[in-house]
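Before any comments, here is the structure.
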Amino acid sequence: MHEDLIPPEGITKVPLDQYVPWKTEFEVQVGLRELGHEIRPLGVSGDLAPIVAAIEEFDPHIVFNLLEAFHTIPSYNQYVASYFELLRRPYTGCNPRGLMLSRDKALSRKLLSFHRIPGPAFQVFPRGRVVRKHARLRFPLMVKTLASDGSIGLAQASIVDTGEKLENRVLYLHETFDLDAIAEEYIPGREVYVSLLGNKRLTSFPIIELDFGKLAAGAEPIATSKVKWDWKYQKDRKIRIRPAELPEELDLRLVRLAKRVYRALGLSGYARIDFRLSEAGDPYVIEANPNADLGREEEFHESVYAGHMKYNELLQRILNLGLSYPAEWRHVL
């Protein structure tokens, strides 16, 4: 885990009345210990040396990978997973190639388009280039960073309906986060999530919907940074995650699409596939989230819970998948 997310010593439970950044890390640690595993929490930020030292000293059977960024860059997670493979150590979660393909929103969209999986039309705006929209891209657009997660940089201002607003938002993301931007055609409608677990054989869980509650007048129902992380805002606006009420045919279609996405991007371990449902009920893949947040009451856990799998059972399944993942180094031992 990131070194700033090691839970404080002496903590016995997560506070219910406030947001704490180490919630997931704490809950995973508690669950693993309850399962009888011996664990060693390891803080990492931008140096591989602590990983090497811990592996040499502790000699773990497997690394439970909760790292969300390396050198503060989310896409560098793939290199840490690659490093585990170079060290010939089993680890949990997604493999390096799946992380790479899914983190780059443009690359993943191109792959999904090749496989005829529906998604919104898009355009990439690299840093240092003139912001000029393709004629075929239609307003309104949603503008976000190209290779980050957790709703970073996403706000109501991310939805733009003019060339001037598009340019302003793209430049804001370039300057604020030093990342390329992507603009995609905005799809009004519902936002639902399909959670999957597995390497080759996939287990799906009940589909979860983000209920936007009572947003302010004129606000669009999108998972902004405030919606995602502001606990007080969620409570005030009655924003919550709940099982989606969908026609059986649409439910089955979403699960089939999610599994196609999982396989097309070469994912493994566990992931959450995000969809928008248009007002006509047509599904569009927004993005794939490998190594989804495992915190209790987060989207992935809520889906698993709705499927009657207990939290600790989920953690053990994730461990088992990591131990059985057919990494290439296993074939040359």
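Chain labels follow the order of the structure tokens: the first chain is A, the next B, and so on; residue numbering restarts at 1 in every chain, and ligands are counted from 1 in their shown order.
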- Item | Near-Val285 in chain A list (10 Å; only C-alpha atoms; drop same-chain fewer than 2 positions) as JSON, numbers by chain | {"A": [109, 112, 117, 118, 119, 120, 192, 193, 254, 257, 258, 261, 273, 274, 275, 276, 277, 283, 287, 288]}
- Query: range 55-296 of chain A: which residues are alpha helix (DSSP H) by DSSP, as a PyMOL selection string?
  - Reply: chain A and resi 55-58+77-86+96-103+105-114+163-177+225-229+231-237+248-264
- Task: Can you pull out every residue within 10 Å of Asn320 in chain A, counting only C-alpha atoms, but drop anything in the same chain fewer than 2 positions away, and send it as a ChimeraX atom specification?
- Result: /A:62,91-92,198,269,314-318,322-325
- Residues near range 53-60 of chain A, cut-off 9 Å, only C-alpha atoms, skip fewer than 5 positions along chain, as number ranges by chain: A: 38-40, 42, 48, 89
- Message: Let's see if you can do this: from backbone DSSP, list all strand (DSSP E or B) residues in range 127-323 of chain A, as a PyMOL selection string.
- Response: chain A and resi 141-145+159-160+181-185+190-197+203-204+208-211+240-243+270-277+283-290
- What's the 6 Å shell around range 209-222 of chain A, counting only C-alpha atoms, without same-chain residues fewer than 6 positions away, as number ranges by chain? A: 191-192, 237-244
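Residue nearest Leu16 in chain A within the list A:Val63, A:Val194, A:Arg169, A:Trp231: A:Trp231 [criterion: smallest interatomic distance, only C-alpha atoms].
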- Message: Using only C-alpha atoms, which protein or nucleic acid residues come within 9 Å of Ile6 in chain A? Drop anything in the same chain fewer than 5 positions from it, and give the result as a PyMOL selection string.
- Response: chain A and resi 1+22+25-26+41-43
- Find the residue from A:Glu9, A:Leu141, A:Ala306, A:Gln18 that sits nearest to Gln234 in chain A; use only C-alpha atoms when measuring.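 The closest residue to Gln234 in chain A is A:Gln18.
Checking A:Ile159, A:Ala271, A:Ala280, A:Leu32 one by one against Asn95 in chain A, counting only C-alpha atoms, you find the shortest gap at A:Ala271.
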- Task: For CA of Arg201 in chain A and CA of Arg272 in chain A, determine how far apart the two atoms are, in Å to one decimal place.
- Result: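 Those two atoms sit 15.6 Å apart.
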- Message: List the spatial neighbours of Glu167 in chain A as a ChimeraX atom specification - criterion: any atom at most 12 Å away, only C-alpha atoms, same-chain residues fewer than 6 positions off excluded.
- Response: /A:125-127,129-133,141,143,157-161,173-174,181-183
